[in-house]
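Asker: target.csv is reproduced in full below (CSV, C-alpha atoms and all ligand atoms).
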chain,number,residue,atom,x,y,z
R,1457,MET,CA,4.0,11.2,-21.1
R,1458,ASP,CA,0.2,11.1,-21.4
R,1459,ILE,CA,-0.7,12.9,-18.1
R,1460,GLU,CA,-4.5,12.6,-18.8
R,1461,LYS,CA,-4.2,8.9,-19.1
R,1462,LEU,CA,-2.1,8.5,-16.0
R,1463,ALA,CA,-4.5,10.8,-14.0
R,1464,GLY,CA,-7.4,8.7,-15.2
R,1465,ILE,CA,-5.8,5.5,-13.8
R,1466,ALA,CA,-4.9,7.2,-10.6
R,1467,ARG,CA,-8.5,8.4,-10.1
R,1468,LYS,CA,-9.8,5.0,-10.8
R,1469,LEU,CA,-7.6,3.5,-8.1
R,1470,VAL,CA,-9.1,5.8,-5.6
R,1471,ALA,CA,-12.7,5.6,-6.9
R,1472,ASP,CA,-15.5,6.1,-4.3
R,1473,GLY,CA,-15.7,3.2,-1.8
R,1474,LYS,CA,-12.7,1.4,-3.2
R,1475,GLY,CA,-9.0,0.9,-2.3
R,1476,ILE,CA,-6.0,-1.3,-3.2
R,1477,LEU,CA,-4.9,-4.7,-2.1
R,1478,ALA,CA,-1.2,-5.0,-1.6
R,1479,ALA,CA,-0.4,-8.7,-2.4
R,1480,ASP,CA,3.2,-8.0,-3.5
R,1481,GLU,CA,5.0,-9.6,-0.6
R,1482,SER,CA,8.6,-10.4,-1.7
R,1483,SER,CA,9.8,-14.1,-1.6
R,1484,GLY,CA,11.2,-13.5,1.9
R,1485,THR,CA,8.1,-11.8,3.3
R,1486,ILE,CA,5.6,-14.3,1.8
R,1487,LYS,CA,7.7,-17.2,3.2
R,1488,LYS,CA,7.3,-15.6,6.7
R,1489,ARG,CA,3.6,-15.1,6.3
R,1490,LEU,CA,3.0,-18.7,5.1
R,1491,SER,CA,5.2,-20.2,7.7
R,1492,GLY,CA,3.1,-18.3,10.2
R,1493,ILE,CA,0.2,-20.6,9.2
R,1494,GLY,CA,2.4,-23.7,8.9
R,1495,VAL,CA,2.5,-23.7,5.1
R,1496,GLU,CA,5.6,-24.2,3.0
R,1497,SER,CA,6.4,-21.4,0.6
R,1498,THR,CA,6.4,-23.3,-2.7
R,1499,GLU,CA,5.5,-21.7,-5.9
R,1500,GLU,CA,2.3,-23.7,-6.1
R,1501,ASN,CA,1.2,-22.7,-2.5
R,1502,ARG,CA,1.9,-19.0,-3.3
R,1503,ARG,CA,-0.1,-19.3,-6.5
R,1504,ALA,CA,-3.0,-21.1,-4.7
R,1505,TYR,CA,-3.1,-18.4,-2.0
R,1506,ARG,CA,-2.9,-15.4,-4.3
R,1507,GLY,CA,-5.4,-17.1,-6.6
R,1508,LEU,CA,-8.0,-17.5,-3.9
R,1509,LEU,CA,-7.7,-13.8,-3.1
R,1510,PHE,CA,-8.0,-12.7,-6.8
R,1511,SER,CA,-11.0,-14.9,-7.5
R,1512,THR,CA,-13.1,-13.8,-4.5
R,1513,GLU,CA,-16.5,-13.1,-5.8
R,1514,GLY,CA,-17.8,-9.5,-5.6
R,1515,VAL,CA,-14.6,-8.1,-4.2
R,1516,GLU,CA,-14.3,-5.8,-7.2
R,1517,ARG,CA,-16.9,-3.6,-5.5
R,1518,TYR,CA,-14.3,-2.6,-2.9
R,1519,ILE,CA,-11.0,-3.3,-4.6
R,1520,SER,CA,-9.8,-1.1,-7.4
R,1521,GLY,CA,-6.3,-2.5,-7.9
R,1522,VAL,CA,-4.0,-5.2,-6.7
R,1523,ILE,CA,-0.2,-4.8,-6.3
R,1524,LEU,CA,1.6,-8.0,-7.5
R,1525,PHE,CA,5.1,-9.3,-7.1
R,1526,ASP,CA,7.1,-10.2,-10.2
R,1527,GLU,CA,6.4,-13.9,-9.8
R,1528,THR,CA,2.7,-13.4,-9.4
R,1529,LEU,CA,2.3,-11.1,-12.4
R,1530,ARG,CA,3.6,-14.0,-14.5
R,1531,GLN,CA,1.4,-16.7,-12.8
R,1532,SER,CA,-2.0,-18.1,-14.0
R,1533,SER,CA,-5.1,-19.5,-12.4
R,1534,GLN,CA,-5.7,-23.2,-12.3
R,1535,ASP,CA,-7.5,-22.9,-15.7
R,1536,GLY,CA,-4.5,-21.2,-17.2
R,1537,ILE,CA,-5.7,-17.6,-17.3
R,1538,PRO,CA,-2.9,-15.2,-16.4
R,1539,PHE,CA,-3.6,-13.4,-13.1
R,1540,PRO,CA,-3.4,-9.9,-14.6
R,1541,ALA,CA,-6.1,-10.9,-17.1
R,1542,ILE,CA,-8.3,-12.4,-14.3
R,1543,LEU,CA,-8.1,-9.1,-12.4
R,1544,ALA,CA,-8.5,-6.8,-15.5
R,1545,GLU,CA,-11.6,-8.7,-16.6
R,1546,ARG,CA,-13.3,-7.7,-13.4
R,1547,GLY,CA,-12.2,-4.1,-13.7
R,1548,ILE,CA,-9.5,-4.5,-11.1
R,1549,ILE,CA,-6.3,-2.8,-12.2
R,1550,PRO,CA,-3.1,-4.9,-11.9
R,1551,GLY,CA,0.0,-3.2,-10.4
R,1552,ILE,CA,3.5,-4.3,-9.7
R,1553,LYS,CA,6.1,-3.8,-7.0
R,1554,VAL,CA,9.3,-2.8,-8.7
R,1555,ASP,CA,11.8,-2.0,-6.0
R,1556,LYS,CA,14.4,-4.6,-5.0
R,1557,GLY,CA,14.1,-4.0,-1.2
R,1558,ALA,CA,15.5,-1.8,1.5
R,1559,LYS,CA,19.2,-2.4,2.2
R,1560,ALA,CA,21.5,-1.0,4.8
R,1561,LEU,CA,22.6,2.6,3.9
R,1562,ALA,CA,26.4,2.5,4.0
R,1563,GLY,CA,27.9,5.0,6.5
R,1564,PHE,CA,24.5,5.5,8.2
R,1565,SER,CA,24.0,2.9,11.0
R,1566,GLY,CA,20.4,1.8,11.4
R,1567,GLU,CA,19.2,3.5,8.2
R,1568,LYS,CA,18.1,2.0,4.9
R,1569,ILE,CA,18.1,2.8,1.2
R,1570,THR,CA,15.9,1.1,-1.3
R,1571,GLU,CA,17.6,-0.5,-4.3
R,1572,GLY,CA,16.2,-1.3,-7.8
R,1573,LEU,CA,16.9,1.7,-10.1
R,1574,ASP,CA,19.4,-0.1,-12.4
R,1575,GLY,CA,17.6,-1.5,-15.4
R,1576,LEU,CA,14.3,-0.2,-14.2
R,1577,ARG,CA,13.3,1.5,-17.5
R,1578,GLU,CA,13.5,-1.9,-19.3
R,1579,ARG,CA,11.7,-3.8,-16.5
R,1580,LEU,CA,8.8,-1.2,-16.5
R,1581,ALA,CA,8.4,-1.6,-20.3
R,1582,GLU,CA,8.0,-5.4,-19.8
R,1583,TYR,CA,5.6,-5.0,-16.8
R,1584,HIS,CA,3.4,-2.7,-19.0
R,1585,GLN,CA,3.4,-5.3,-21.7
R,1586,LEU,CA,2.3,-8.0,-19.1
R,1587,GLY,CA,-0.6,-5.8,-18.1
R,1588,ALA,CA,0.5,-3.7,-15.2
R,1589,ARG,CA,-0.8,-0.1,-15.2
R,1590,PHE,CA,0.6,1.1,-11.9
R,1591,ALA,CA,3.7,0.4,-9.8
R,1592,LYS,CA,5.0,0.6,-6.2
R,1593,TRP,CA,8.3,1.5,-4.6
R,1594,ARG,CA,8.7,1.4,-0.9
R,1595,ALA,CA,11.3,3.5,1.0
R,1596,VAL,CA,11.8,2.8,4.7
R,1597,ILE,CA,12.5,5.5,7.3
R,1598,THR,CA,13.3,4.3,10.8
R,1599,ILE,CA,12.8,6.3,14.0
R,1600,GLY,CA,15.4,5.8,16.7
R,1601,GLU,CA,18.0,7.6,18.7
R,1602,GLY,CA,19.5,10.3,16.4
R,1603,ILE,CA,17.7,8.9,13.3
R,1604,PRO,CA,16.4,9.4,10.8
R,1605,SER,CA,19.2,11.6,9.4
R,1606,ASP,CA,18.3,14.3,6.9
R,1607,PHE,CA,20.6,12.5,4.5
R,1608,ALA,CA,18.8,9.2,4.6
R,1609,MET,CA,15.5,10.9,4.0
R,1610,LYS,CA,16.9,12.9,1.1
R,1611,ALA,CA,18.6,9.8,-0.5
R,1612,ASN,CA,15.3,7.8,-0.3
R,1613,ALA,CA,13.3,10.8,-1.6
R,1614,HIS,CA,15.7,11.0,-4.6
R,1615,ALA,CA,15.3,7.3,-5.4
R,1616,LEU,CA,11.5,7.5,-5.1
R,1617,ALA,CA,11.5,10.5,-7.5
R,1618,ARG,CA,13.7,8.8,-10.1
R,1619,TYR,CA,11.4,5.7,-9.9
R,1620,ALA,CA,8.3,7.9,-10.3
R,1621,ALA,CA,9.6,9.7,-13.3
R,1622,LEU,CA,10.5,6.4,-15.0
R,1623,CYS,CA,7.1,5.0,-14.3
R,1624,GLN,CA,5.3,8.0,-15.8
R,1625,GLU,CA,7.5,7.8,-18.9
R,1626,ALA,CA,6.5,4.1,-19.2
R,1627,GLY,CA,2.7,4.8,-18.8
R,1628,LEU,CA,2.5,3.4,-15.3
R,1629,VAL,CA,1.1,5.3,-12.3
R,1630,PRO,CA,3.7,5.4,-9.6
R,1631,ILE,CA,2.7,4.7,-6.0
R,1632,VAL,CA,5.2,6.6,-4.0
R,1633,GLU,CA,5.7,4.9,-0.6
R,1634,PRO,CA,7.8,6.5,2.0
R,1635,GLU,CA,7.1,4.4,5.1
R,1636,VAL,CA,8.0,5.8,8.5
R,1637,LEU,CA,8.1,2.6,10.6
R,1638,MET,CA,5.9,2.3,13.7
R,1639,ASP,CA,8.6,0.2,15.5
R,1640,GLY,CA,9.9,1.9,18.6
R,1641,GLY,CA,8.8,3.7,21.8
R,1642,HIS,CA,8.4,7.2,20.3
R,1643,ASP,CA,5.2,9.1,20.8
R,1644,ILE,CA,2.8,10.3,18.2
R,1645,ASP,CA,4.3,13.8,18.0
R,1646,ARG,CA,7.7,12.4,17.0
R,1647,CYS,CA,6.0,10.3,14.3
R,1648,ARG,CA,4.2,13.5,13.1
R,1649,HIS,CA,7.5,15.4,12.9
R,1650,VAL,CA,9.4,12.7,11.1
R,1651,THR,CA,6.5,12.0,8.7
R,1652,ALA,CA,6.3,15.7,7.8
R,1653,ALA,CA,10.0,15.9,7.2
R,1654,ALA,CA,10.1,12.8,5.1
R,1655,LEU,CA,7.2,14.0,3.0
R,1656,LYS,CA,8.7,17.4,2.5
R,1657,HIS,CA,11.9,15.8,1.0
R,1658,VAL,CA,9.7,13.5,-1.2
R,1659,PHE,CA,7.7,16.3,-2.7
R,1660,SER,CA,10.7,18.5,-3.2
R,1661,ALA,CA,12.4,15.6,-5.1
R,1662,LEU,CA,9.3,14.9,-7.1
R,1663,PHE,CA,9.2,18.5,-8.2
R,1664,ASP,CA,12.9,18.4,-9.2
R,1665,HIS,CA,12.3,15.3,-11.3
R,1666,CYS,CA,9.2,16.9,-13.1
R,1667,VAL,CA,6.8,14.2,-11.8
R,1668,ALA,CA,3.2,15.0,-12.6
R,1669,LEU,CA,1.5,14.9,-9.3
R,1670,GLU,CA,-1.9,14.3,-10.9
R,1671,GLY,CA,-0.6,11.0,-12.2
R,1672,MET,CA,0.7,9.5,-9.0
R,1673,LEU,CA,-0.6,8.3,-5.6
R,1674,LEU,CA,1.1,8.7,-2.2
R,1675,LYS,CA,1.3,5.6,0.0
R,1676,PRO,CA,2.3,6.8,3.5
R,1677,ASN,CA,2.1,5.6,7.1
R,1678,MET,CA,-0.5,7.1,9.3
R,1679,VAL,CA,0.7,9.3,12.1
R,1680,LEU,CA,0.7,6.9,15.0
R,1681,SER,CA,2.3,6.3,18.4
R,1682,GLY,CA,5.3,4.0,18.2
R,1683,MET,CA,4.3,0.4,18.8
R,1684,ASP,CA,6.1,0.3,22.2
R,1685,CYS,CA,5.0,3.7,23.4
R,1686,PRO,CA,3.2,3.4,26.7
R,1687,GLN,CA,0.8,6.3,25.7
R,1688,GLN,CA,-1.1,5.1,22.7
R,1689,ALA,CA,-3.0,7.8,20.9
R,1690,SER,CA,-6.8,7.3,20.4
R,1691,VAL,CA,-8.4,6.6,17.0
R,1692,GLU,CA,-9.6,10.2,16.9
R,1693,GLU,CA,-6.2,11.6,17.8
R,1694,VAL,CA,-4.5,9.5,15.1
R,1695,ALA,CA,-7.1,10.7,12.5
R,1696,GLN,CA,-6.6,14.4,13.5
R,1697,ALA,CA,-2.8,14.2,13.6
R,1698,THR,CA,-2.6,12.4,10.2
R,1699,VAL,CA,-4.9,14.7,8.3
R,1700,ARG,CA,-3.3,17.8,9.8
R,1701,THR,CA,0.2,16.6,8.9
R,1702,PHE,CA,-0.8,15.8,5.3
R,1703,ARG,CA,-2.6,19.1,4.8
R,1704,GLN,CA,0.7,20.8,5.6
R,1705,VAL,CA,2.9,18.9,3.2
R,1706,VAL,CA,0.9,17.0,0.5
R,1707,PRO,CA,-0.1,19.2,-2.5
R,1708,ALA,CA,-3.8,19.1,-3.5
R,1709,ALA,CA,-2.8,18.0,-7.0
R,1710,VAL,CA,-2.2,14.5,-5.7
R,1711,PRO,CA,-5.4,12.6,-6.4
R,1712,GLY,CA,-5.2,10.2,-3.5
R,1713,ILE,CA,-3.4,9.1,-0.4
R,1714,VAL,CA,-3.6,5.3,0.0
R,1715,PHE,CA,-2.3,4.3,3.5
R,1716,LEU,CA,-0.3,1.2,4.3
R,1717,SER,CA,-1.3,-0.7,7.4
R,1718,GLY,CA,2.3,-1.1,8.7
R,1719,GLY,CA,1.6,-3.6,11.5
R,1720,GLN,CA,-1.6,-2.1,12.9
R,1721,SER,CA,-4.3,-4.7,13.6
R,1722,SER,CA,-6.9,-5.1,10.8
R,1723,GLU,CA,-9.6,-3.5,12.9
R,1724,LEU,CA,-7.5,-0.5,13.9
R,1725,ALA,CA,-6.4,0.2,10.4
R,1726,THR,CA,-10.0,0.3,9.3
R,1727,ALA,CA,-11.1,2.4,12.3
R,1728,HIS,CA,-8.3,5.0,11.6
R,1729,LEU,CA,-9.2,5.4,8.0
R,1730,ASN,CA,-12.9,5.6,8.8
R,1731,ALA,CA,-12.3,8.4,11.4
R,1732,MET,CA,-10.4,10.5,8.8
R,1733,ASN,CA,-13.2,10.1,6.3
R,1734,ALA,CA,-15.9,10.8,8.9
R,1735,MET,CA,-14.4,14.2,9.8
R,1736,ASP,CA,-16.5,17.2,9.4
R,1737,GLN,CA,-14.3,18.7,6.7
R,1738,GLU,CA,-13.5,18.1,3.0
R,1739,HIS,CA,-10.1,16.7,2.2
R,1740,PRO,CA,-8.2,17.9,-0.9
R,1741,TRP,CA,-7.3,14.3,-1.8
R,1742,GLN,CA,-9.1,11.0,-1.6
R,1743,LEU,CA,-8.1,9.1,1.6
R,1744,SER,CA,-8.0,5.4,0.9
R,1745,PHE,CA,-6.2,2.2,1.7
R,1746,SER,CA,-3.5,0.0,0.1
R,1747,TYR,CA,-3.3,-2.5,2.9
R,1748,GLY,CA,-1.3,-5.8,2.9
R,1749,ARG,CA,-1.6,-7.4,6.3
R,1750,ALA,CA,-4.7,-5.5,7.3
R,1751,LEU,CA,-6.6,-7.0,4.4
R,1752,GLN,CA,-5.1,-10.4,4.4
R,1753,GLU,CA,-4.3,-11.6,8.0
R,1754,HIS,CA,-7.8,-13.0,8.7
R,1755,ALA,CA,-8.0,-14.6,5.2
R,1756,LEU,CA,-4.6,-16.2,5.6
R,1757,ALA,CA,-5.5,-17.6,9.0
R,1758,ALA,CA,-8.8,-19.0,7.8
R,1759,TRP,CA,-7.1,-20.7,4.8
R,1760,GLY,CA,-4.3,-22.4,6.7
R,1761,GLY,CA,-3.1,-23.9,3.4
R,1762,LYS,CA,-6.2,-26.3,3.0
R,1763,LYS,CA,-8.4,-26.6,0.0
R,1764,GLU,CA,-11.5,-27.1,2.1
R,1765,ASN,CA,-10.9,-23.7,3.7
R,1766,VAL,CA,-10.8,-21.6,0.5
R,1767,SER,CA,-14.4,-20.4,0.8
R,1768,ALA,CA,-13.9,-19.4,4.5
R,1769,ALA,CA,-10.7,-17.5,3.5
R,1770,GLN,CA,-12.5,-15.7,0.7
R,1771,LYS,CA,-15.3,-14.8,3.1
R,1772,ALA,CA,-12.8,-13.3,5.5
R,1773,PHE,CA,-11.1,-11.4,2.7
R,1774,PHE,CA,-14.4,-10.1,1.3
R,1775,LYS,CA,-15.4,-8.9,4.8
R,1776,ARG,CA,-12.2,-6.9,5.3
R,1777,ALA,CA,-12.5,-5.4,1.8
R,1778,ARG,CA,-16.2,-4.5,2.5
R,1779,LEU,CA,-15.4,-2.9,5.9
R,1780,ASN,CA,-12.6,-0.8,4.4
R,1781,GLY,CA,-14.9,0.1,1.6
R,1782,ALA,CA,-17.3,1.5,4.3
R,1783,ALA,CA,-14.3,3.3,5.9
R,1784,ARG,CA,-13.9,5.2,2.6
R,1785,TYR,CA,-17.3,6.8,3.3
R,1786,GLY,CA,-16.8,7.2,7.1
R,1787,SER,CA,-19.7,4.7,7.6
R,1788,TYR,CA,-17.8,1.9,9.3
R,1789,ARG,CA,-18.9,1.0,12.8
R,1790,PRO,CA,-17.0,-1.4,15.1
R,1791,LYS,CA,-20.2,-3.4,15.6
R,1792,MET,CA,-19.9,-4.4,11.9
R,1793,GLU,CA,-17.0,-6.6,12.9
R,1794,LYS,CA,-19.4,-9.0,14.6
R,1795,GLU,CA,-21.8,-9.2,11.6
R,1796,ALA,CA,-21.5,-12.2,9.4
R,1797,ALA,CA,-19.3,-11.9,6.3
T,1,LIG,P1,1.1,-3.4,5.0
T,1,LIG,O1,-0.3,-2.9,4.9
T,1,LIG,O2,1.1,-4.8,5.5
T,1,LIG,O3,2.0,-2.5,5.7
T,1,LIG,O4,1.6,-3.6,3.5
T,1,LIG,C1,1.5,-2.6,2.7
T,1,LIG,C2,2.6,-2.5,1.7
T,1,LIG,O5,2.5,-2.6,0.6
T,1,LIG,C3,3.9,-2.3,2.3
T,1,LIG,O6,4.9,-2.0,1.3
As structure tokens, please, write out the structure in this file.
Answerer:
Amino acid sequence: MDIEKLAGIARKLVADGKGILAADESSGTIKKRLSGIGVESTEENRRAYRGLLFSTEGVERYISGVILFDETLRQSSQDGIPFPAILAERGIIPGIKVDKGAKALAGFSGEKITEGLDGLRERLAEYHQLGARFAKWRAVITIGEGIPSDFAMKANAHALARYAALCQEAGLVPIVEPEVLMDGGHDIDRCRHVTAAALKHVFSALFDHCVALEGMLLKPNMVLSGMDCPQQASVEEVAQATVRTFRQVVPAAVPGIVFLSGGQSSELATAHLNAMNAMDQEHPWQLSFSYGRALQEHALAAWGGKKENVSAAQKAFFKRARLNGAARYGSYRPKMEKEAA
């Protein structure tokens, strides 16, 4: 394992003013997103949509890496240039989602375990050959009555650590993603408690599996009120609770924390990240973004599956990337939402 090389890639992914685009929706998820705008999920439509994102002019100023799905890593632009090459040419690092999805955890009602470890070593070798330099594995933790169980958190942490160790062996930077879902009526304090517990299990497992923390990134949820909680925490409260929680459980050796958006509106996801970076204190890690929906929802709506809307969709994507780039410096202001793309 070449730790220096891995650490260099990880640092590039959280370079100043930049973050990651998660465009790795699985076949089921992209079908849902496309049907939301009345577009059929054919291979050609998926290629056209992802292609418009990747060829958005100037977006490399704010986007350091893109997480792709297996199909997308193997697709090419209309002129026949493979997507990983299109990204790499512009200094954007191609990444790949390698988990096979969260499935029901037998014996633990309402809880999930992520699958995909079998054959992973061989898949990682191929992904590296195809140009990927980092990977993602998402574990799902659900808050509900009596859950999450300690066992489900441990089982997911174990899988994340096995994945991370295999990635580093293959020369890929692992993005370790334990997502505590925001679904439910719980308050922010419950989210804080569960997030801290899940992360403690994750870092304990990473230590046991000899994962080099300098050569990985953490992709967590922010500490938020549950979506159905009547008492929604303010932007400032979310920022304070999130940073405080992570200071307690995330080692300073981790170069960056790249948040998922998890169902927050695009504007709130940007405002929350901004508030963390605007704090009057230095953080031990870079605080950045690895958003899927919060970078794409406006672009997807503007596109609507029509060729004549490609430029409007690219403008919408560029704008979200730029505003999140500003949030990396704490210099985003809500009034920037009204300015032209
Ligand atoms: P969202 O930002 O839409 O939550 O997606 C990020 C992601 O990659 C989830 O695995």
Asker: May I ask for the distance between atom CA of Ala1588 of chain R and atom CA of Ile1552 of chain R, given in Å to one decimal place?
Answerer: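 About the pair atom CA of Ala1588 of chain R and atom CA of Ile1552 of chain R: they are 6.3 Å apart.
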Asker: Grab me every residue within 6 Å of ligand LIG 1 (chain T), counting only C-alpha atoms and all ligand atoms, and send it over as a VMD selection string.
Answerer: chain R and resid 1478 1594 1716 to 1719 1747 to 1750
Asker: Interatomic distance between atom CA of Ala1782 of chain R and atom CA of Gly1473 of chain R?
Answerer: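 Spanning atom CA of Ala1782 of chain R to atom CA of Gly1473 of chain R is a straight-line distance of 6.5 Å.
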Asker: So which one's closest to Arg1646 of chain R, R:Glu1670, R:Glu1601, R:Asp1606, R:Asp1526? Using only C-alpha atoms, please.
Answerer: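 Smallest distance to Arg1646 of chain R is found for R:Glu1601.
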Asker: In Å, how far is it from atom CA of Leu1779 of chain R to atom CA of Glu1723 of chain R?
Answerer: 9.1 Å
Asker: Which one of R:Glu1635, R:Glu1795, R:Glu1460, R:Glu1753 sits closest to Ile1486 of chain R if you count all atoms listed in the file?
Answerer: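 Checking each of R:Glu1635, R:Glu1795, R:Glu1460, R:Glu1753 against Ile1486 of chain R, counting all atoms listed in the file, the winner is R:Glu1753.
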Asker: At a cut-off of 7 Å, using all atoms listed in the file, what residues contact Met1683 of chain R? Leave out same-chain residues fewer than 2 positions from it and give the result as a list in words.
Answerer: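 The residues satisfying every condition are Met1638, Asp1639, Gly1640, Gly1641, Ser1681 and Cys1685 of chain R.
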Asker: Looking at only C-alpha atoms, which of R:Pro1538, R:Gly1761, R:Pro1630, R:Gly1781 is the one that sits closest to Arg1517 of chain R?
Answerer: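 The answer is R:Gly1781, which sits nearest to Arg1517 of chain R.
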Asker: Determine, counting all atoms listed in the file, which protein, DNA and RNA residues have an atom within 9 Å of an atom of Gly1547 of chain R; residues of the same chain fewer than 4 positions away are not included. Present the result as a list in words.
Answerer: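 After dropping sequence-adjacent residues, the list is Glu1516, Ser1520, Gly1521 and Leu1543 of chain R.
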Asker: Using all atoms listed in the file, find all polymer residues with an atom at most 9 Å away from the point (-4.6, 3.8, 3.1); report them as a list of chain:residue names.
Answerer: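 Nearby residues: R:Gly1475, R:Ile1476, R:Lys1675, R:Pro1676, R:Asn1677, R:Met1678, R:Ile1713, R:Val1714, R:Phe1715, R:Leu1716, R:Ser1717, R:Ala1725, R:Thr1726, R:Leu1729, R:Leu1743, R:Ser1744, R:Phe1745, R:Ser1746, R:Tyr1747.
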Asker: For a quick check of understanding, using all atoms listed in the file, which of R:Lys1592, R:Ala1695, R:Lys1568, R:Glu1578 has the smallest distance to Leu1637 of chain R?
Answerer: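 The closest residue to Leu1637 of chain R is R:Lys1568.
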Asker: As a list in words, please: the residues near Phe1774 of chain R (cut-off 10 Å, all atoms listed in the file, same-chain neighbours under 2 positions excluded).
Answerer: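 Here the answer would be Leu1509, Thr1512, Glu1513, Gly1514, Val1515, Glu1516, Arg1517, Tyr1518, Ile1519, Leu1751, Gln1752, Ala1755, Ala1768, Ala1769, Gln1770, Lys1771, Ala1772, Arg1776, Ala1777, Arg1778, Leu1779, Asn1780 and Ala1797 of chain R.
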Asker: Of the candidates R:Asp1458, R:Asp1645, R:Asp1535, R:Glu1793, which shows the shortest atom-to-atom distance to Glu1625 of chain R, using all atoms listed in the file?
Answerer: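 Going through R:Asp1458, R:Asp1645, R:Asp1535, R:Glu1793 one by one, the smallest distance to Glu1625 of chain R is for R:Asp1458.
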Asker: Export segment 1720-1738 of chain R, N, CA and C atoms, as a short mmCIF file (atom, residue, chain, number, x, y, z; two decimals), in the first residue's frame; it's the structure right above.
Answerer:
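That gives us selection.cif:
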data_model
loop_
_atom_site.label_atom_id
_atom_site.label_comp_id
_atom_site.auth_asym_id
_atom_site.auth_seq_id
_atom_site.Cartn_x
_atom_site.Cartn_y
_atom_site.Cartn_z
N GLN R 1720 -32.00 16.63 2.25
CA GLN R 1720 -32.15 18.07 2.54
C GLN R 1720 -32.39 18.79 1.21
N SER R 1721 -33.00 19.96 1.27
CA SER R 1721 -33.12 20.75 0.03
C SER R 1721 -31.71 21.18 -0.38
N SER R 1722 -31.55 21.49 -1.66
CA SER R 1722 -30.24 21.93 -2.14
C SER R 1722 -29.75 23.15 -1.36
N GLU R 1723 -30.67 24.08 -1.12
CA GLU R 1723 -30.29 25.34 -0.47
C GLU R 1723 -29.85 25.10 0.98
N LEU R 1724 -30.58 24.23 1.69
CA LEU R 1724 -30.22 23.97 3.10
C LEU R 1724 -28.90 23.22 3.20
N ALA R 1725 -28.69 22.27 2.30
CA ALA R 1725 -27.42 21.51 2.33
C ALA R 1725 -26.24 22.47 2.17
N THR R 1726 -26.41 23.47 1.29
CA THR R 1726 -25.35 24.46 1.10
C THR R 1726 -25.20 25.36 2.34
N ALA R 1727 -26.33 25.79 2.88
CA ALA R 1727 -26.30 26.69 4.04
C ALA R 1727 -25.66 26.00 5.25
N HIS R 1728 -25.99 24.72 5.46
CA HIS R 1728 -25.41 23.99 6.60
C HIS R 1728 -23.88 23.87 6.47
N LEU R 1729 -23.42 23.49 5.28
CA LEU R 1729 -21.97 23.35 5.08
C LEU R 1729 -21.29 24.71 5.27
N ASN R 1730 -21.94 25.73 4.74
CA ASN R 1730 -21.38 27.08 4.85
C ASN R 1730 -21.23 27.49 6.32
N ALA R 1731 -22.27 27.23 7.12
CA ALA R 1731 -22.24 27.64 8.53
C ALA R 1731 -21.10 26.93 9.27
N MET R 1732 -20.82 25.70 8.91
CA MET R 1732 -19.71 24.98 9.56
C MET R 1732 -18.38 25.62 9.20
N ASN R 1733 -18.24 26.00 7.92
CA ASN R 1733 -16.97 26.57 7.48
C ASN R 1733 -16.83 28.05 7.86
N ALA R 1734 -17.94 28.67 8.24
CA ALA R 1734 -17.88 30.09 8.64
C ALA R 1734 -17.61 30.24 10.13
N MET R 1735 -17.54 29.12 10.85
CA MET R 1735 -17.33 29.20 12.31
C MET R 1735 -16.01 29.84 12.66
N ASP R 1736 -16.01 30.42 13.82
CA ASP R 1736 -14.82 31.12 14.28
C ASP R 1736 -13.86 30.13 14.93
N GLN R 1737 -13.62 29.00 14.29
CA GLN R 1737 -12.66 28.02 14.82
C GLN R 1737 -12.10 27.20 13.67
N GLU R 1738 -10.88 26.73 13.85
CA GLU R 1738 -10.26 25.88 12.83
C GLU R 1738 -10.71 24.45 13.06
#
